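Some notes on the structure that comes next.
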Amino acid sequence: MEPDVTPDAGQGAQAAGRCDVLEVGCGMGVLTQFLLRRGDIVTYGAEIDPESVEYLHAHYPEFTPRLMEGDFLKMNLRELFPGGVKIIGNFPYNISSQIFFKVLENRDLVPECVGMIQKEVAVRLAEPPGSKEYGILSVLLQAWYDIEYLFTVNETVFNPPPKVKSAVIRLRRNGVERLACDETLFVKVVKASFGQRRKMIRNSLRSVFGNFGGAEHPFFTQRAEQLSVADFVELTDWVAANRT
């Protein structure tokens, strides 16, 4: 599934000065061709499909030295791009969440990420607290990135057309270097809180951390989708102090 033309997507990777940009899932070079024309970036590629790699070698020979054949999810970005890298791509819908989790793991290296993904996922990531779509990845990404829903991509620009709409989303690192809590525990608290979405946080957390000696937090009567990143930071500190 490739879009006919997607030059606007490249605008999301605007850089102040020359920088490295890694395209995830180059396919047949629909987006790659526009990135290679940019003088302010050095474009690298990650492509797992051998046929696509062969096609790119044949049609964009100047790109060959910077095209890496393999699974992006298994690549060591710290070794490949010690100075940091911006990420862009028409992300395969079945692994888009895994791609964002990898971005999170390398958040000190990835200042910006622009991806075309399924519209429903894009909406979920950008939603504020209180929305039914707001979830685990929404909280974790919003803790370290400012997220912007750029535009919707209609099914008709694809060949063959998919059954779902797509959207382009942009993540930019915010000013948070470290959360004001145990970050490992923060992830566990967020995941535990959304583990039983329809239940109050009290039940969700107790099923993972125990009953906290009977202690109660004001957030315990709320549901996970009602809490902001700051709320989850506060809750994490409370869990750290009260778990038994």
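Numbering starts fresh at 1 for the residues of each chain in the structure tokens, the chains themselves are lettered A, B, ... in the order given, and ligands are numbered from 1 as they appear.
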
List as a PDB file with N, CA and C atoms, in the first residue's frame the protein and nucleic acid residues near stretch 101-113 of chain A, meaning an atom at most 8 Å away when only C-alpha atoms are counted, but skip any in the same chain fewer than 3 places from it.
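Written file, part04.pdb:
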```pdb
ATOM      1  N   ALA A  13       9.455  17.257   8.910  1.00  0.00           N
ATOM      2  CA  ALA A  13      10.814  17.018   9.392  1.00  0.00           C
ATOM      3  C   ALA A  13      11.703  18.240   9.190  1.00  0.00           C
ATOM      4  N   LEU A  73      12.772  -2.066  14.340  1.00  0.00           N
ATOM      5  CA  LEU A  73      12.526  -2.315  15.755  1.00  0.00           C
ATOM      6  C   LEU A  73      13.712  -2.989  16.442  1.00  0.00           C
ATOM      7  N   LEU A  77      19.721   2.294  17.667  1.00  0.00           N
ATOM      8  CA  LEU A  77      19.820   3.693  17.246  1.00  0.00           C
ATOM      9  C   LEU A  77      20.961   4.416  17.941  1.00  0.00           C
ATOM     10  N   ARG A  78      21.291   3.976  19.142  1.00  0.00           N
ATOM     11  CA  ARG A  78      22.359   4.626  19.899  1.00  0.00           C
ATOM     12  C   ARG A  78      23.707   4.434  19.216  1.00  0.00           C
ATOM     13  N   PHE A  81      23.204   6.245  15.410  1.00  0.00           N
ATOM     14  CA  PHE A  81      23.054   7.704  15.394  1.00  0.00           C
ATOM     15  C   PHE A  81      23.370   8.285  16.774  1.00  0.00           C
ATOM     16  N   PRO A  82      24.621   8.209  17.193  1.00  0.00           N
ATOM     17  CA  PRO A  82      24.976   8.706  18.532  1.00  0.00           C
ATOM     18  C   PRO A  82      24.704  10.195  18.712  1.00  0.00           C
ATOM     19  N   GLY A  83      24.656  10.920  17.605  1.00  0.00           N
ATOM     20  CA  GLY A  83      24.394  12.355  17.689  1.00  0.00           C
ATOM     21  C   GLY A  83      22.926  12.704  17.604  1.00  0.00           C
ATOM     22  N   GLY A  84      22.077  11.687  17.504  1.00  0.00           N
ATOM     23  CA  GLY A  84      20.640  11.925  17.421  1.00  0.00           C
ATOM     24  C   GLY A  84      20.119  11.793  16.001  1.00  0.00           C
ATOM     25  N   VAL A  85      18.815  11.571  15.873  1.00  0.00           N
ATOM     26  CA  VAL A  85      18.208  11.397  14.549  1.00  0.00           C
ATOM     27  C   VAL A  85      16.719  11.720  14.631  1.00  0.00           C
ATOM     28  N   LYS A  86      16.207  12.338  13.578  1.00  0.00           N
ATOM     29  CA  LYS A  86      14.774  12.551  13.458  1.00  0.00           C
ATOM     30  C   LYS A  86      14.197  11.397  12.644  1.00  0.00           C
ATOM     31  N   ILE A  87      12.979  10.997  12.971  1.00  0.00           N
ATOM     32  CA  ILE A  87      12.384   9.825  12.333  1.00  0.00           C
ATOM     33  C   ILE A  87      11.128  10.229  11.577  1.00  0.00           C
ATOM     34  N   ILE A  88      10.988   9.659  10.386  1.00  0.00           N
ATOM     35  CA  ILE A  88       9.833   9.949   9.548  1.00  0.00           C
ATOM     36  C   ILE A  88       9.452   8.683   8.808  1.00  0.00           C
ATOM     37  N   SER A  97       2.446   1.250  16.878  1.00  0.00           N
ATOM     38  CA  SER A  97       2.612   1.443  18.317  1.00  0.00           C
ATOM     39  C   SER A  97       4.001   1.017  18.768  1.00  0.00           C
ATOM     40  N   GLN A  98       4.509  -0.083  18.205  1.00  0.00           N
ATOM     41  CA  GLN A  98       5.855  -0.548  18.558  1.00  0.00           C
ATOM     42  C   GLN A  98       6.911   0.456  18.126  1.00  0.00           C
ATOM     43  N   LEU A 137      -0.349   4.652  25.631  1.00  0.00           N
ATOM     44  CA  LEU A 137       0.652   5.289  24.767  1.00  0.00           C
ATOM     45  C   LEU A 137       0.444   6.796  24.714  1.00  0.00           C
ATOM     46  N   LEU A 140       2.223   8.069  27.936  1.00  0.00           N
ATOM     47  CA  LEU A 140       3.681   7.912  27.893  1.00  0.00           C
ATOM     48  C   LEU A 140       4.313   8.847  26.870  1.00  0.00           C
ATOM     49  N   LEU A 141       3.717   8.973  25.696  1.00  0.00           N
ATOM     50  CA  LEU A 141       4.284   9.869  24.685  1.00  0.00           C
ATOM     51  C   LEU A 141       4.138  11.328  25.107  1.00  0.00           C
ATOM     52  N   TRP A 144       6.789  13.056  27.361  1.00  0.00           N
ATOM     53  CA  TRP A 144       8.079  13.518  26.835  1.00  0.00           C
ATOM     54  C   TRP A 144       8.003  14.212  25.478  1.00  0.00           C
ATOM     55  N   ARG A 170       2.843  14.480  14.314  1.00  0.00           N
ATOM     56  CA  ARG A 170       4.213  14.914  14.618  1.00  0.00           C
ATOM     57  C   ARG A 170       4.447  14.932  16.123  1.00  0.00           C
ATOM     58  N   LEU A 171       5.571  14.348  16.526  1.00  0.00           N
ATOM     59  CA  LEU A 171       6.001  14.363  17.921  1.00  0.00           C
ATOM     60  C   LEU A 171       7.255  15.223  18.024  1.00  0.00           C
ATOM     61  N   ARG A 172       7.260  16.164  18.945  1.00  0.00           N
ATOM     62  CA  ARG A 172       8.444  16.975  19.201  1.00  0.00           C
ATOM     63  C   ARG A 172       8.770  16.919  20.687  1.00  0.00           C
ATOM     64  N   ARG A 173      10.029  16.666  20.993  1.00  0.00           N
ATOM     65  CA  ARG A 173      10.430  16.575  22.399  1.00  0.00           C
ATOM     66  C   ARG A 173      10.073  17.860  23.128  1.00  0.00           C
TER      67      ARG A 173
END
```

Practice problem: Would you please work out which residue, of A:Lys119, A:Lys199, A:Lys191, A:Lys132, is nearest to A:Val164 when using only C-alpha atoms? | Solution: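 So, comparing all the options, the nearest one is A:Lys119.
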
Quiz prompt | Close residues, A:Ala240 itself excluded, 9 Å, only C-alpha atoms, min 5 positions apart in chain, as a list in words | solution = Cys181, Asp182, Leu185 and Leu235 of chain A

Residues as selected, all heavy atoms, written as a compact mmCIF listing (two decimals), in the first residue's frame, can you do that?
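And here is the file that came out, result_36.txt:
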```txt
# COMPACT_ATOMS: atom_id res chain seq x y z
N CYS A 181 9.49 11.80 39.30
CA CYS A 181 9.11 10.55 39.98
C CYS A 181 10.01 9.44 39.44
O CYS A 181 10.81 9.67 38.53
CB CYS A 181 7.63 10.21 39.73
SG CYS A 181 7.26 9.82 38.01
N ASP A 182 9.86 8.26 39.98
CA ASP A 182 10.57 7.09 39.47
C ASP A 182 9.98 6.74 38.11
O ASP A 182 8.83 6.33 38.00
CB ASP A 182 10.37 5.91 40.45
CG ASP A 182 11.08 4.65 40.02
OD1 ASP A 182 11.14 4.36 38.81
OD2 ASP A 182 11.55 3.90 40.90
N LEU A 185 8.75 3.13 37.53
CA LEU A 185 7.49 2.91 38.23
C LEU A 185 6.35 3.66 37.57
O LEU A 185 5.21 3.17 37.52
CB LEU A 185 7.62 3.34 39.70
CG LEU A 185 6.39 3.11 40.59
CD1 LEU A 185 6.02 1.62 40.62
CD2 LEU A 185 6.66 3.63 42.00
N LEU A 235 0.59 10.39 41.25
CA LEU A 235 0.12 9.07 41.67
C LEU A 235 1.29 8.10 41.82
O LEU A 235 1.31 7.28 42.75
CB LEU A 235 -0.89 8.53 40.66
CG LEU A 235 -1.62 7.23 41.02
CD1 LEU A 235 -2.40 7.39 42.32
CD2 LEU A 235 -2.56 6.83 39.88
```

Quiz item: Of the candidates A:Leu56, A:Ala192, A:Ala180, A:Ile117, which shows the shortest atom-to-atom distance to A:Pro162, using only C-alpha atoms?
Solution: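 Counting only C-alpha atoms, the residue closest to A:Pro162 is A:Ile117.
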
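Around A:Gly213, within 9 Å and counting only C-alpha atoms, the residues found are Asn242, Arg243 and Thr244 of chain A, once anything fewer than 4 positions away on its own chain is removed.
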
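Of the residues under consideration (A:Glu79, A:Glu177, A:Glu133, A:Glu216), A:Glu177 shows the shortest atom-to-atom contact distance to A:Tyr145 when counting only C-alpha atoms.
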
Quiz item: When DSSP works through the backbone of this structure, what residues of stretch 30-243 of chain A end up as helix (DSSP H, G or I), shown as number ranges by chain?
Solution: A: 32-35, 50-59, 61-66, 72-74, 77-80, 93-105, 119-126, 136-144, 155-157, 183-193, 201-209, 212-214, 218-221, 224-226, 229-242

Self-check item: From A:Gln226, A:Ser204, A:Thr236, A:Asn154, residue lying nearest A:Leu179 [only C-alpha atoms]
Solution: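 Checking each candidate against A:Leu179, we get A:Thr236 as the closest.
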
Practice problem: Have a look at atom CA of A:Thr221 and atom CA of A:Lys188 and let me know their distance in Å, one decimal. | Solution: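 Taking atom CA of A:Thr221 as the start and atom CA of A:Lys188 as the end point, the length is 19.1 Å.
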
Quiz item: Which residue out of A:Glu62, A:Gly70, A:Glu51, A:Ser131 has the minimum interatomic distance to A:Val24 when only C-alpha atoms are used?
Solution: A:Gly70

Quiz item: From the list A:Thr64, A:Asp71, A:Gly29, A:Asn90, which residue is nearest A:Glu47 when using only C-alpha atoms?
Solution: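 Closest candidate: A:Asp71.
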
Exercise. Give me the residues within 10 Å of stretch 165-168 of chain A as JSON, numbers by chain, counting only C-alpha atoms and dropping any in the same chain fewer than 2 places off.
Key: {"A": [8, 9, 12, 89, 90, 91, 93, 114, 115, 116, 117, 118, 119, 120, 121, 122, 123, 148, 149, 150, 151, 152, 153, 154, 155, 156, 158, 161, 162, 163, 170]}

Please dump the current selection as an mmCIF file, in the first residue's frame; keep C-alpha atoms.
```cif
data_model
loop_
_atom_site.group_PDB
_atom_site.id
_atom_site.type_symbol
_atom_site.label_atom_id
_atom_site.label_comp_id
_atom_site.auth_asym_id
_atom_site.auth_seq_id
_atom_site.Cartn_x
_atom_site.Cartn_y
_atom_site.Cartn_z
ATOM 1 C CA ASP A 8 3.693 17.467 2.331
ATOM 2 C CA ALA A 9 4.628 14.746 4.809
ATOM 3 C CA GLY A 12 7.097 17.731 9.189
ATOM 4 C CA GLY A 89 7.833 7.420 7.602
ATOM 5 C CA ASN A 90 4.659 5.854 6.335
ATOM 6 C CA PHE A 91 4.566 3.486 9.290
ATOM 7 C CA TYR A 93 -0.145 0.120 10.740
ATOM 8 C CA VAL A 114 6.689 12.405 11.934
ATOM 9 C CA GLY A 115 4.635 9.445 10.828
ATOM 10 C CA MET A 116 1.644 8.522 8.733
ATOM 11 C CA ILE A 117 -0.461 6.055 10.695
ATOM 12 C CA GLN A 118 -4.046 4.875 10.976
ATOM 13 C CA LYS A 119 -6.254 7.872 11.786
ATOM 14 C CA GLU A 120 -7.750 6.260 14.888
ATOM 15 C CA VAL A 121 -4.275 5.726 16.352
ATOM 16 C CA ALA A 122 -3.212 9.289 15.534
ATOM 17 C CA VAL A 123 -6.299 10.673 17.264
ATOM 18 C CA GLU A 148 0.393 17.506 16.899
ATOM 19 C CA TYR A 149 -2.206 15.985 14.584
ATOM 20 C CA LEU A 150 -1.136 17.486 11.246
ATOM 21 C CA PHE A 151 -3.684 16.321 8.682
ATOM 22 C CA THR A 152 -5.936 13.496 7.554
ATOM 23 C CA VAL A 153 -5.058 11.401 4.484
ATOM 24 C CA ASN A 154 -8.029 10.117 2.493
ATOM 25 C CA GLU A 155 -8.207 6.473 1.396
ATOM 26 C CA THR A 156 -8.416 7.512 -2.263
ATOM 27 C CA PHE A 158 -3.639 4.983 -1.867
ATOM 28 C CA PRO A 161 -7.192 2.044 -1.168
ATOM 29 C CA PRO A 162 -7.325 0.774 2.432
ATOM 30 C CA LYS A 163 -10.523 0.432 4.441
ATOM 31 C CA ARG A 170 4.213 14.914 14.618
#
```

Quiz item: Which value, in Å to one decimal, gives the distance between atom CA of A:Phe72 and atom CA of A:Tyr55?
Solution: 18.5 Å

Self-check item: Interatomic distance (Å, one decimal) between atom CA of A:Ala58 and atom CA of A:Lys74
Solution: 25.5 Å
